[in-house]
>>> print(open('coords_8.txt').read())   # compact mmCIF, C-alpha atoms and all ligand atoms
# COMPACT_ATOMS: atom_id res chain seq x y z
CA MET A 5 18.46 25.38 -27.68
CA ALA A 6 18.94 25.10 -31.49
CA CYS A 7 18.89 21.65 -33.03
CA ASN A 8 20.89 21.50 -36.25
CA HIS A 9 21.56 17.75 -36.45
CA ARG A 10 18.29 16.10 -37.22
CA PRO A 11 18.90 12.38 -36.44
CA PRO A 12 20.57 12.91 -33.05
CA CYS A 13 17.94 15.49 -32.14
CA LEU A 14 15.17 13.11 -33.10
CA LEU A 15 16.82 10.44 -30.99
CA ALA A 16 17.04 12.88 -28.11
CA PHE A 17 13.37 13.71 -28.57
CA PHE A 18 12.31 10.07 -28.41
CA PHE A 19 14.58 9.48 -25.45
CA PHE A 20 13.01 12.33 -23.47
CA ALA A 21 9.54 11.35 -24.63
CA ALA A 22 10.17 7.83 -23.29
CA ILE A 23 11.36 9.20 -19.98
CA ALA A 24 8.43 11.61 -19.76
CA SER A 25 5.93 8.82 -20.35
CA ALA A 26 7.43 6.86 -17.48
CA GLN A 27 6.91 9.75 -15.05
CA LEU A 28 3.88 10.20 -12.90
CA SER A 29 2.47 13.66 -12.36
CA SER A 30 0.30 15.26 -9.69
CA THR A 31 -1.80 17.01 -12.35
CA PHE A 32 -2.39 13.95 -14.53
CA TYR A 33 -6.22 14.17 -14.35
CA SER A 34 -6.52 17.98 -14.13
CA THR A 35 -8.00 18.22 -17.61
CA SER A 36 -9.11 14.67 -18.37
CA CYS A 37 -11.03 14.18 -15.12
CA PRO A 38 -11.02 17.25 -12.87
CA LEU A 39 -13.58 15.68 -10.49
CA ALA A 40 -11.59 12.49 -9.94
CA ILE A 41 -9.79 13.43 -6.74
CA GLN A 42 -12.77 14.95 -4.97
CA THR A 43 -14.96 12.00 -5.94
CA ILE A 44 -12.47 9.59 -4.39
CA ARG A 45 -12.00 11.86 -1.35
CA GLN A 46 -15.72 12.01 -0.60
CA ALA A 47 -16.17 8.27 -0.99
CA VAL A 48 -13.21 7.52 1.29
CA ARG A 49 -14.47 9.96 3.91
CA ALA A 50 -17.89 8.30 3.86
CA ALA A 51 -16.35 4.82 4.19
CA VAL A 52 -14.06 5.90 7.06
CA ALA A 53 -16.95 7.69 8.81
CA LYS A 54 -18.88 4.42 8.66
CA GLU A 55 -15.96 2.35 9.94
CA ALA A 56 -12.66 3.99 10.94
CA ARG A 57 -10.70 0.79 10.35
CA MET A 58 -11.53 0.97 6.65
CA GLY A 59 -8.93 3.76 6.37
CA ALA A 60 -6.29 1.33 7.54
CA SER A 61 -7.53 -1.37 5.19
CA LEU A 62 -7.42 0.94 2.16
CA LEU A 63 -3.90 2.09 3.00
CA ARG A 64 -2.77 -1.52 3.23
CA LEU A 65 -4.35 -2.36 -0.15
CA HIS A 66 -2.10 0.22 -1.83
CA PHE A 67 0.98 -1.26 -0.11
CA HIS A 68 0.08 -4.83 -1.13
CA ASP A 69 -0.51 -3.58 -4.67
CA CYS A 70 2.81 -1.74 -4.96
CA PHE A 71 5.02 -4.51 -3.57
CA VAL A 72 3.78 -7.05 -6.13
CA ASN A 73 5.08 -6.13 -9.60
CA GLY A 74 4.58 -2.42 -8.91
CA CYS A 75 1.57 -0.18 -8.24
CA ASP A 76 -0.60 -1.53 -11.04
CA GLY A 77 -3.93 -2.48 -9.45
CA SER A 78 -3.08 -6.19 -9.76
CA VAL A 79 -4.16 -6.85 -6.16
CA LEU A 80 -7.75 -6.03 -7.13
CA LEU A 81 -8.09 -8.64 -9.89
CA ASP A 82 -10.25 -11.69 -9.24
CA ASP A 83 -9.07 -15.12 -10.40
CA THR A 84 -9.65 -15.97 -14.07
CA PRO A 85 -9.22 -19.18 -16.07
CA SER A 86 -5.83 -17.87 -17.29
CA PHE A 87 -4.35 -16.71 -13.97
CA THR A 88 -4.86 -16.97 -10.24
CA GLY A 89 -5.03 -13.55 -8.70
CA GLU A 90 -3.31 -12.25 -5.58
CA LYS A 91 -6.29 -12.26 -3.23
CA THR A 92 -5.64 -15.80 -1.96
CA ALA A 93 -1.90 -15.30 -1.38
CA VAL A 94 -0.90 -15.99 2.23
CA PRO A 95 -0.49 -12.32 3.27
CA ASN A 96 -3.82 -11.38 1.65
CA ASN A 97 -6.21 -14.28 2.22
CA ASN A 98 -8.89 -13.56 4.86
CA SER A 99 -6.92 -10.45 5.67
CA LEU A 100 -7.08 -7.76 2.96
CA ARG A 101 -10.24 -5.70 3.18
CA GLY A 102 -11.85 -2.86 1.28
CA PHE A 103 -12.44 -4.43 -2.15
CA ASP A 104 -16.14 -3.45 -2.03
CA VAL A 105 -15.23 0.11 -1.08
CA ILE A 106 -12.86 0.31 -4.08
CA ASP A 107 -15.64 -1.06 -6.34
CA ASN A 108 -17.96 1.65 -5.06
CA ILE A 109 -15.34 4.38 -5.59
CA LYS A 110 -14.59 3.07 -9.08
CA SER A 111 -18.26 3.18 -10.09
CA GLN A 112 -18.57 6.76 -8.80
CA VAL A 113 -15.42 7.76 -10.69
CA GLU A 114 -16.67 6.01 -13.85
CA ALA A 115 -19.90 8.02 -13.54
CA VAL A 116 -17.94 11.31 -13.76
CA CYS A 117 -15.32 10.20 -16.35
CA LYS A 118 -15.60 7.00 -18.29
CA GLN A 119 -12.47 4.86 -18.42
CA VAL A 120 -10.04 7.62 -17.59
CA VAL A 121 -8.90 6.96 -14.02
CA SER A 122 -7.02 3.73 -13.37
CA CYS A 123 -7.69 1.41 -10.44
CA ALA A 124 -4.01 1.70 -9.47
CA ASP A 125 -4.41 5.48 -9.14
CA ILE A 126 -7.66 5.06 -7.21
CA LEU A 127 -5.71 2.94 -4.68
CA ALA A 128 -2.98 5.59 -4.41
CA VAL A 129 -5.47 8.41 -3.86
CA ALA A 130 -7.63 6.32 -1.50
CA ALA A 131 -4.53 5.59 0.63
CA ARG A 132 -3.69 9.28 0.85
CA GLU A 133 -7.31 10.25 1.64
CA SER A 134 -7.59 7.49 4.25
CA VAL A 135 -4.54 8.74 6.11
CA ALA A 136 -5.88 12.30 5.93
CA ALA A 137 -9.31 11.21 7.20
CA LEU A 138 -7.64 9.56 10.20
CA GLY A 139 -5.58 12.62 11.11
CA GLY A 140 -2.31 11.67 9.42
CA PRO A 141 -0.03 13.78 7.25
CA PRO A 142 -0.81 15.02 3.72
CA TRP A 143 1.34 14.36 0.66
CA THR A 144 1.11 15.16 -3.03
CA VAL A 145 -0.05 12.02 -4.76
CA GLN A 146 1.58 11.29 -8.10
CA LEU A 147 -0.82 10.00 -10.78
CA GLY A 148 -0.87 8.41 -14.21
CA ARG A 149 -0.43 4.75 -13.29
CA ARG A 150 -2.15 2.28 -15.58
CA ASP A 151 -3.67 -1.08 -14.67
CA ALA A 152 -2.07 -4.46 -15.13
CA THR A 153 -3.74 -7.02 -17.34
CA THR A 154 -2.54 -9.87 -15.16
CA ALA A 155 -1.75 -10.68 -11.54
CA SER A 156 0.69 -12.99 -9.80
CA LEU A 157 -0.15 -15.24 -6.87
CA ASP A 158 3.50 -16.33 -6.66
CA ALA A 159 4.82 -12.77 -6.53
CA ALA A 160 2.26 -11.88 -3.85
CA ASN A 161 3.51 -14.82 -1.79
CA THR A 162 7.17 -13.89 -2.14
CA GLU A 163 7.32 -10.09 -2.41
CA ILE A 164 5.09 -8.98 0.48
CA PRO A 165 7.15 -9.15 3.68
CA SER A 166 6.00 -11.75 6.20
CA PRO A 167 5.24 -10.98 9.87
CA LYS A 168 7.73 -13.77 10.60
CA SER A 169 10.58 -11.90 8.85
CA ASP A 170 13.50 -10.74 10.94
CA LEU A 171 14.83 -7.21 10.65
CA ASP A 172 17.46 -8.08 8.03
CA ASP A 173 14.83 -9.75 5.83
CA LEU A 174 12.58 -6.70 6.11
CA ILE A 175 15.39 -4.29 5.27
CA SER A 176 16.29 -6.33 2.21
CA ALA A 177 12.65 -6.69 1.05
CA TYR A 178 12.34 -2.89 1.08
CA SER A 179 15.72 -2.33 -0.50
CA LYS A 180 14.67 -4.53 -3.45
CA LYS A 181 11.84 -2.04 -4.02
CA GLY A 182 14.15 0.98 -3.83
CA LEU A 183 13.04 1.86 -0.29
CA SER A 184 15.45 2.64 2.54
CA THR A 185 15.48 1.39 6.11
CA THR A 186 14.11 4.78 7.16
CA ASP A 187 11.25 4.34 4.67
CA MET A 188 10.60 0.89 6.12
CA VAL A 189 10.42 2.11 9.71
CA ALA A 190 8.30 5.13 8.76
CA LEU A 191 5.88 3.04 6.67
CA SER A 192 5.57 0.50 9.49
CA GLY A 193 4.06 3.36 11.49
CA ALA A 194 0.96 2.68 9.35
CA HIS A 195 0.25 -0.14 11.77
CA THR A 196 -0.75 2.37 14.45
CA ILE A 197 -4.12 2.76 12.70
CA GLY A 198 -4.93 -0.88 12.00
CA GLN A 199 -5.78 -4.24 13.48
CA ALA A 200 -4.19 -7.65 13.25
CA ARG A 201 -5.51 -11.16 13.65
CA CYS A 202 -4.13 -13.34 16.44
CA ILE A 203 -2.82 -15.82 13.84
CA SER A 204 -0.50 -13.09 12.49
CA PHE A 205 1.33 -12.40 15.76
CA ARG A 206 0.78 -15.50 17.93
CA ASP A 207 4.35 -16.75 17.39
CA ARG A 208 5.78 -13.43 18.45
CA ILE A 209 3.83 -13.02 21.69
CA TYR A 210 4.52 -16.60 22.83
CA ASN A 211 7.99 -17.32 21.44
CA GLU A 212 9.80 -14.05 20.80
CA THR A 213 12.30 -13.05 23.47
CA SER A 214 12.85 -9.47 22.27
CA ILE A 215 9.22 -8.42 22.66
CA ASP A 216 8.22 -6.21 25.60
CA SER A 217 6.84 -8.69 28.16
CA SER A 218 3.91 -6.57 29.33
CA LEU A 219 2.84 -6.07 25.72
CA ALA A 220 3.10 -9.84 25.13
CA THR A 221 0.99 -10.59 28.23
CA SER A 222 -1.68 -8.06 27.29
CA ARG A 223 -1.95 -9.41 23.74
CA GLN A 224 -2.08 -13.02 24.98
CA SER A 225 -5.39 -12.31 26.74
CA ASN A 226 -7.19 -12.11 23.39
CA CYS A 227 -4.94 -14.52 21.49
CA PRO A 228 -4.70 -18.01 23.00
CA SER A 229 -1.59 -20.07 22.25
CA SER A 230 -3.78 -22.92 20.99
CA GLY A 231 -7.40 -23.96 20.69
CA GLY A 232 -8.67 -21.31 18.30
CA GLY A 233 -9.01 -17.54 18.32
CA ASP A 234 -7.08 -17.19 15.04
CA ASP A 235 -9.28 -14.34 13.85
CA ASN A 236 -9.42 -12.43 17.14
CA LEU A 237 -8.39 -8.84 16.44
CA SER A 238 -6.00 -6.60 18.36
CA PRO A 239 -4.71 -3.13 17.65
CA LEU A 240 -1.35 -3.02 15.97
CA ASP A 241 -0.25 0.07 17.83
CA ALA A 242 2.86 -1.27 19.47
CA GLN A 243 6.24 -2.51 18.40
CA LEU A 244 6.13 -6.29 18.23
CA PHE A 245 9.88 -6.76 18.22
CA GLY A 246 12.83 -4.69 19.25
CA GLY A 247 16.51 -4.88 20.06
CA GLY A 248 17.68 -4.02 16.53
CA SER A 249 19.37 -1.21 14.67
CA THR A 250 16.06 0.55 13.97
CA ASP A 251 15.07 0.97 17.65
CA SER A 252 16.37 4.51 17.93
CA LEU A 253 14.39 5.64 14.88
CA VAL A 254 11.24 4.03 16.31
CA THR A 255 11.85 5.97 19.54
CA THR A 256 12.37 9.18 17.58
CA TYR A 257 9.09 8.69 15.75
CA SER A 258 7.19 7.94 18.94
CA THR A 259 8.32 11.22 20.48
CA ASN A 260 8.52 13.45 17.39
CA THR A 261 5.27 13.30 15.44
CA ALA A 262 6.34 15.99 12.97
CA ARG A 263 9.40 13.95 12.00
CA PHE A 264 7.34 10.76 11.71
CA PHE A 265 4.72 12.51 9.57
CA SER A 266 7.27 13.99 7.22
CA ASP A 267 9.22 10.72 6.79
CA PHE A 268 5.97 8.75 6.40
CA ALA A 269 4.65 11.11 3.72
CA ALA A 270 7.96 11.00 1.81
CA ALA A 271 8.04 7.20 2.00
CA MET A 272 4.44 6.93 0.75
CA VAL A 273 5.38 8.93 -2.35
CA LYS A 274 8.37 6.63 -2.93
CA MET A 275 6.25 3.52 -2.43
CA GLY A 276 3.67 4.84 -4.88
CA ASN A 277 6.41 5.18 -7.49
CA ILE A 278 7.35 1.49 -7.51
CA SER A 279 7.34 0.30 -11.15
CA PRO A 280 4.15 1.96 -12.39
CA LEU A 281 2.78 1.08 -15.82
CA THR A 282 2.59 4.30 -17.81
CA GLY A 283 2.15 5.58 -21.37
CA THR A 284 0.51 2.87 -23.45
CA ASP A 285 1.43 -0.04 -21.15
CA GLY A 286 -1.41 -1.87 -19.45
CA GLU A 287 -4.90 -0.41 -19.60
CA VAL A 288 -7.46 1.62 -17.68
CA ARG A 289 -9.84 -1.00 -16.37
CA LEU A 290 -13.59 -0.44 -16.44
CA ASN A 291 -14.05 -2.72 -13.46
CA CYS A 292 -11.22 -3.03 -10.94
CA ARG A 293 -11.87 -6.75 -10.45
CA LYS A 294 -11.31 -7.77 -14.06
CA THR A 295 -9.32 -6.88 -17.13
CA ASN A 296 -11.21 -5.21 -19.99
C1 LIG B 1 7.31 -4.05 7.18
C2 LIG B 1 6.68 -5.04 6.60
C3 LIG B 1 5.24 -5.33 6.96
C4 LIG B 1 4.76 -6.46 7.52
C5 LIG B 1 5.57 -7.70 7.91
C6 LIG B 1 3.36 -6.27 7.72
C7 LIG B 1 2.52 -7.19 8.27
C8 LIG B 1 1.20 -6.97 8.60
C9 LIG B 1 0.34 -7.91 9.24
C10 LIG B 1 0.73 -9.33 9.64
C11 LIG B 1 -0.86 -7.33 9.42
C12 LIG B 1 -2.08 -7.95 10.06
C13 LIG B 1 -2.85 -8.71 9.02
C14 LIG B 1 -3.90 -9.61 9.63
O1 LIG B 1 -3.73 -10.06 10.76
O2 LIG B 1 -4.92 -9.90 8.95
C15 LIG B 1 -0.77 -6.00 8.89
C16 LIG B 1 -1.79 -5.09 8.92
C17 LIG B 1 -1.67 -3.82 8.41
N1 LIG B 1 -0.63 -3.33 7.68
FE1 LIG B 1 1.20 -4.14 7.51
N2 LIG B 1 3.00 -5.03 7.26
C18 LIG B 1 4.13 -4.42 6.77
C19 LIG B 1 4.19 -3.18 6.20
C20 LIG B 1 3.13 -2.32 6.02
C21 LIG B 1 3.14 -1.10 5.26
C22 LIG B 1 4.33 -0.61 4.46
C23 LIG B 1 1.91 -0.56 5.36
C24 LIG B 1 1.37 0.71 4.76
C25 LIG B 1 2.10 1.74 4.42
C26 LIG B 1 1.12 -1.43 6.19
C27 LIG B 1 -0.17 -1.20 6.58
C28 LIG B 1 -0.92 -2.05 7.35
C29 LIG B 1 -2.20 -1.68 7.90
C30 LIG B 1 -2.84 -0.31 7.79
C31 LIG B 1 -2.69 -2.82 8.55
C32 LIG B 1 -4.04 -2.96 9.26
C33 LIG B 1 -5.08 -3.28 8.20
C34 LIG B 1 -6.49 -3.39 8.75
O3 LIG B 1 -6.75 -3.10 9.92
O4 LIG B 1 -7.35 -3.79 7.93
N3 LIG B 1 1.87 -2.51 6.54
N4 LIG B 1 0.48 -5.80 8.39
>>> encode(input="coords_8.txt", output="structure tokens")
Amino acid sequence: MACNHRPPCLLAFFFFAAIASAQLSSTFYSTSCPLAIQTIRQAVRAAVAKEARMGASLLRLHFHDCFVNGCDGSVLLDDTPSFTGEKTAVPNNNSLRGFDVIDNIKSQVEAVCKQVVSCADILAVAARESVAALGGPPWTVQLGRRDATTASLDAANTEIPSPKSDLDDLISAYSKKGLSTTDMVALSGAHTIGQARCISFRDRIYNETSIDSSLATSRQSNCPSSGGGDDNLSPLDAQLFGGGSTDSLVTTYSTNTARFFSDFAAAMVKMGNISPLTGTDGEVRLNCRKTN
């Protein structure tokens, strides 16, 4: 298309350039670091072969990153004198795992390309590779996120949905991030590969009326109502509350794996797109635990 009017055309150019810089792309590292993806894939496979649960833990790290001021690697930052990081927030403390595995992946990626691949992108790829290693669906991971130079304990405490939330609270927490109720139900299917501590679901198995009673009884055997056992682990493979508008979708997913896989994969791409830092915003950290 010809461009005869210089100022408006220049404006249009800058406008599209701004939009383009805010977009992620699946080929972001094709030239700058062609070995990035396979390096991450091999490291994730090794970690999951050593301990299958690590796949679940890495997937959850990406979620807890994205829900707190976007997918910007902030969850990985240690505390500094100028800010308290997100690791000690209620949903994360004594619960998030996999920081050492991410450190190991980062040092392997740094060895093939120095300061090119962000920690936020490593989390996104590690989540995808973890799901693949555990037999879940594939998706095309979008790349080009940059790393935050700060973290927010407060946002981690308020933005990550609580296990005590009711269905309406959960739907609204997802909607605030641009995710639908279908995305929420599909993403919650992630829990079928992980474990939870007794302290996270004790209230539900002793006080919740909508929970399946045989599930409650079986979980109570390893999660006493009082007197300790807070850290006892149980699989998260069952629905811990029901009786709401999402029940029929949960039933669909439990009987139609293809539908669950396709909705889950689509929702993971959407979650990975939450407010990334792109262009010249943020930085590419050398060490995922600290800003440069
Ligand atoms: C719907 C809102 C969500 C709530 C309320 C929630 C809550 C929880 C809780 C309480 C735990 C157990 C933590 C512990 O006991 O230490 C957990 C574990 C887990 N969550 Fe979620 N979660 C939500 C959404 C998600 C999403 C969107 C994903 C990923 C796409 C996810 C992935 C996981 C995984 C994989 C685990 C197990 C981690 C492991 O075994 O290390 N969760 N979640």
>>> closest_residue(input="coords_8.txt", among="A:Cys202, A:Leu28, A:Leu219, A:Leu138", to="ligand LIG 1 (chain B)", atoms="all atoms listed in the file")
A:Cys202
>>> atom_distance(input="coords_8.txt", atom1="atom CA of A:Gly139", atom2="atom C29 of ligand LIG 1 (chain B)")
15.0 Å
>>> closest_residue(input="coords_8.txt", among="A:Leu80, A:Ile106, A:Ile175, A:Leu237", to="A:Thr295", atoms="all atoms listed in the file")
A:Leu80
>>> residues_around(input="coords_8.txt", residues="stretch 206-209 of chain A", least_positions_apart="2", cutoff="8 Å", atoms="all atoms listed in the file", output="MDAnalysis selection string")
chainID A and resid 202:204 211:212 215 220:221 223:224 227:229 244:245
>>> closest_residue(input="coords_8.txt", among="A:Met188, A:Leu281, A:Val288, A:Ala115", to="ligand LIG 1 (chain B)", atoms="all atoms listed in the file")
A:Met188
>>> closest_residue(input="coords_8.txt", among="A:Gly140, A:Ser214, A:Leu240, A:Leu157", to="A:Phe264", atoms="all atoms listed in the file")
A:Gly140
>>> closest_residue(input="coords_8.txt", among="A:Val72, A:Asp104, A:Ile41, A:Asn236", to="A:Phe205", atoms="only C-alpha atoms")
A:Asn236
>>> closest_atom_pairs(input="coords_8.txt", of="stretch 172-227 of chain A", to="stretch 258-263 of chain A", cutoff="12 Å", atoms="only C-alpha atoms", output="Markdown table")
| residue | atom | partner | partner_atom | distance |
| --- | --- | --- | --- | --- |
| A:Thr186 | CA | A:Arg263 | CA | 11.4 |
| A:Val189 | CA | A:Ser258 | CA | 11.4 |
| A:Ala190 | CA | A:Arg263 | CA | 9.5 |
| A:Gly193 | CA | A:Ser258 | CA | 9.3 |
| A:Thr196 | CA | A:Ser258 | CA | 10.7 |
>>> write_last_selection(input="coords_8.txt", atoms="C-alpha atoms", output="mmCIF file, in the coordinates of the input")
data_model
loop_
_atom_site.group_PDB
_atom_site.id
_atom_site.type_symbol
_atom_site.label_atom_id
_atom_site.label_comp_id
_atom_site.auth_asym_id
_atom_site.auth_seq_id
_atom_site.Cartn_x
_atom_site.Cartn_y
_atom_site.Cartn_z
ATOM 1 C CA THR A 186 14.110 4.780 7.160
ATOM 2 C CA VAL A 189 10.420 2.110 9.710
ATOM 3 C CA ALA A 190 8.300 5.130 8.760
ATOM 4 C CA GLY A 193 4.060 3.360 11.490
ATOM 5 C CA THR A 196 -0.750 2.370 14.450
#
>>> residues_near_point(input="coords_8.txt", point="(-8.2, 3.3, 7.7)", cutoff="12 Å", atoms="all atoms listed in the file", output="PyMOL selection string")
chain A and resi 48-66+101-102+105+130-140+194-199
>>> axis_aligned_box(input="coords_8.txt", around="ligand LIG 1 (chain B)", padding_each_side="6 Å", output="JSON")
{"center_x": 0.0, "center_y": -4.2, "center_z": 7.6, "size_x": 26.7, "size_y": 23.8, "size_z": 18.3}
>>> atom_distance(input="coords_8.txt", atom1="atom CA of A:Ala47", atom2="atom CA of A:Val121")
15.0 Å
>>> closest_residue(input="coords_8.txt", among="A:Ser279, A:Ser99, A:Ser30, A:Ser179", to="ligand LIG 1 (chain B)", atoms="only C-alpha atoms and all ligand atoms")
A:Ser99
>>> atom_distance(input="coords_8.txt", atom1="atom CA of A:Asn98", atom2="atom C33 of ligand LIG 1 (chain B)")
11.5 Å
>>> residues_around(input="coords_8.txt", residues="A:Lys294", least_positions_apart="4", cutoff="10 Å", atoms="all atoms listed in the file", output="mmCIF file with C-alpha atoms, in the coordinates of the input")
data_model
loop_
_atom_site.group_PDB
_atom_site.id
_atom_site.type_symbol
_atom_site.label_atom_id
_atom_site.label_comp_id
_atom_site.auth_asym_id
_atom_site.auth_seq_id
_atom_site.Cartn_x
_atom_site.Cartn_y
_atom_site.Cartn_z
ATOM 1 C CA SER A 78 -3.080 -6.190 -9.760
ATOM 2 C CA LEU A 80 -7.750 -6.030 -7.130
ATOM 3 C CA LEU A 81 -8.090 -8.640 -9.890
ATOM 4 C CA ASP A 82 -10.250 -11.690 -9.240
ATOM 5 C CA ASP A 83 -9.070 -15.120 -10.400
ATOM 6 C CA THR A 84 -9.650 -15.970 -14.070
ATOM 7 C CA ALA A 152 -2.070 -4.460 -15.130
ATOM 8 C CA THR A 153 -3.740 -7.020 -17.340
ATOM 9 C CA THR A 154 -2.540 -9.870 -15.160
ATOM 10 C CA ARG A 289 -9.840 -1.000 -16.370
ATOM 11 C CA LEU A 290 -13.590 -0.440 -16.440
#
>>> residues_around(input="coords_8.txt", residues="A:Arg149", least_positions_apart="2", cutoff="10 Å", atoms="only C-alpha atoms", output="PyMOL selection string")
chain A and resi 26-29+32+74-77+121-126+128+146-147+151-152+276-277+279-283+285-288
>>> build_atoms(input="coords_8.txt", residues="stretch 101-122 of chain A", atoms="N, CA and C atoms", output="PDB file, in the frame of the given file")
ATOM      1  N   ARG A 101      -8.848  -6.160   3.141  1.00  0.00           N
ATOM      2  CA  ARG A 101     -10.240  -5.700   3.180  1.00  0.00           C
ATOM      3  C   ARG A 101     -10.370  -4.471   2.280  1.00  0.00           C
ATOM      4  N   GLY A 102     -11.607  -4.119   1.974  1.00  0.00           N
ATOM      5  CA  GLY A 102     -11.850  -2.860   1.280  1.00  0.00           C
ATOM      6  C   GLY A 102     -12.135  -3.015  -0.206  1.00  0.00           C
ATOM      7  N   PHE A 103     -12.204  -4.259  -0.700  1.00  0.00           N
ATOM      8  CA  PHE A 103     -12.440  -4.430  -2.150  1.00  0.00           C
ATOM      9  C   PHE A 103     -13.800  -3.841  -2.558  1.00  0.00           C
ATOM     10  N   ASP A 104     -14.816  -4.002  -1.690  1.00  0.00           N
ATOM     11  CA  ASP A 104     -16.140  -3.450  -2.030  1.00  0.00           C
ATOM     12  C   ASP A 104     -16.108  -1.921  -2.052  1.00  0.00           C
ATOM     13  N   VAL A 105     -15.324  -1.359  -1.125  1.00  0.00           N
ATOM     14  CA  VAL A 105     -15.230   0.110  -1.080  1.00  0.00           C
ATOM     15  C   VAL A 105     -14.567   0.612  -2.369  1.00  0.00           C
ATOM     16  N   ILE A 106     -13.522  -0.093  -2.828  1.00  0.00           N
ATOM     17  CA  ILE A 106     -12.860   0.310  -4.080  1.00  0.00           C
ATOM     18  C   ILE A 106     -13.841   0.160  -5.263  1.00  0.00           C
ATOM     19  N   ASP A 107     -14.634  -0.904  -5.265  1.00  0.00           N
ATOM     20  CA  ASP A 107     -15.640  -1.060  -6.340  1.00  0.00           C
ATOM     21  C   ASP A 107     -16.593   0.132  -6.362  1.00  0.00           C
ATOM     22  N   ASN A 108     -17.012   0.524  -5.166  1.00  0.00           N
ATOM     23  CA  ASN A 108     -17.960   1.650  -5.060  1.00  0.00           C
ATOM     24  C   ASN A 108     -17.301   2.951  -5.546  1.00  0.00           C
ATOM     25  N   ILE A 109     -16.041   3.167  -5.138  1.00  0.00           N
ATOM     26  CA  ILE A 109     -15.340   4.380  -5.590  1.00  0.00           C
ATOM     27  C   ILE A 109     -15.194   4.349  -7.109  1.00  0.00           C
ATOM     28  N   LYS A 110     -14.793   3.184  -7.622  1.00  0.00           N
ATOM     29  CA  LYS A 110     -14.590   3.070  -9.080  1.00  0.00           C
ATOM     30  C   LYS A 110     -15.892   3.401  -9.812  1.00  0.00           C
ATOM     31  N   SER A 111     -17.049   2.895  -9.325  1.00  0.00           N
ATOM     32  CA  SER A 111     -18.260   3.180 -10.090  1.00  0.00           C
ATOM     33  C   SER A 111     -18.622   4.659 -10.000  1.00  0.00           C
ATOM     34  N   GLN A 112     -18.312   5.302  -8.872  1.00  0.00           N
ATOM     35  CA  GLN A 112     -18.570   6.760  -8.800  1.00  0.00           C
ATOM     36  C   GLN A 112     -17.632   7.534  -9.731  1.00  0.00           C
ATOM     37  N   VAL A 113     -16.378   7.082  -9.816  1.00  0.00           N
ATOM     38  CA  VAL A 113     -15.420   7.760 -10.690  1.00  0.00           C
ATOM     39  C   VAL A 113     -15.801   7.520 -12.167  1.00  0.00           C
ATOM     40  N   GLU A 114     -16.241   6.300 -12.468  1.00  0.00           N
ATOM     41  CA  GLU A 114     -16.670   6.010 -13.850  1.00  0.00           C
ATOM     42  C   GLU A 114     -17.865   6.889 -14.229  1.00  0.00           C
ATOM     43  N   ALA A 115     -18.714   7.195 -13.246  1.00  0.00           N
ATOM     44  CA  ALA A 115     -19.900   8.020 -13.540  1.00  0.00           C
ATOM     45  C   ALA A 115     -19.499   9.451 -13.909  1.00  0.00           C
ATOM     46  N   VAL A 116     -18.351   9.937 -13.380  1.00  0.00           N
ATOM     47  CA  VAL A 116     -17.940  11.310 -13.760  1.00  0.00           C
ATOM     48  C   VAL A 116     -17.003  11.328 -14.968  1.00  0.00           C
ATOM     49  N   CYS A 117     -16.228  10.263 -15.186  1.00  0.00           N
ATOM     50  CA  CYS A 117     -15.320  10.200 -16.350  1.00  0.00           C
ATOM     51  C   CYS A 117     -15.156   8.749 -16.744  1.00  0.00           C
ATOM     52  N   LYS A 118     -15.638   8.406 -17.900  1.00  0.00           N
ATOM     53  CA  LYS A 118     -15.600   7.000 -18.290  1.00  0.00           C
ATOM     54  C   LYS A 118     -14.213   6.552 -18.716  1.00  0.00           C
ATOM     55  N   GLN A 119     -13.735   5.523 -18.086  1.00  0.00           N
ATOM     56  CA  GLN A 119     -12.470   4.860 -18.420  1.00  0.00           C
ATOM     57  C   GLN A 119     -11.287   5.809 -18.554  1.00  0.00           C
ATOM     58  N   VAL A 120     -11.170   6.686 -17.589  1.00  0.00           N
ATOM     59  CA  VAL A 120     -10.040   7.620 -17.590  1.00  0.00           C
ATOM     60  C   VAL A 120      -9.101   7.341 -16.410  1.00  0.00           C
ATOM     61  N   VAL A 121      -9.695   7.065 -15.253  1.00  0.00           N
ATOM     62  CA  VAL A 121      -8.900   6.960 -14.020  1.00  0.00           C
ATOM     63  C   VAL A 121      -8.633   5.476 -13.716  1.00  0.00           C
ATOM     64  N   SER A 122      -7.363   5.143 -13.583  1.00  0.00           N
ATOM     65  CA  SER A 122      -7.020   3.730 -13.370  1.00  0.00           C
ATOM     66  C   SER A 122      -7.332   3.292 -11.939  1.00  0.00           C
TER      67      SER A 122
END
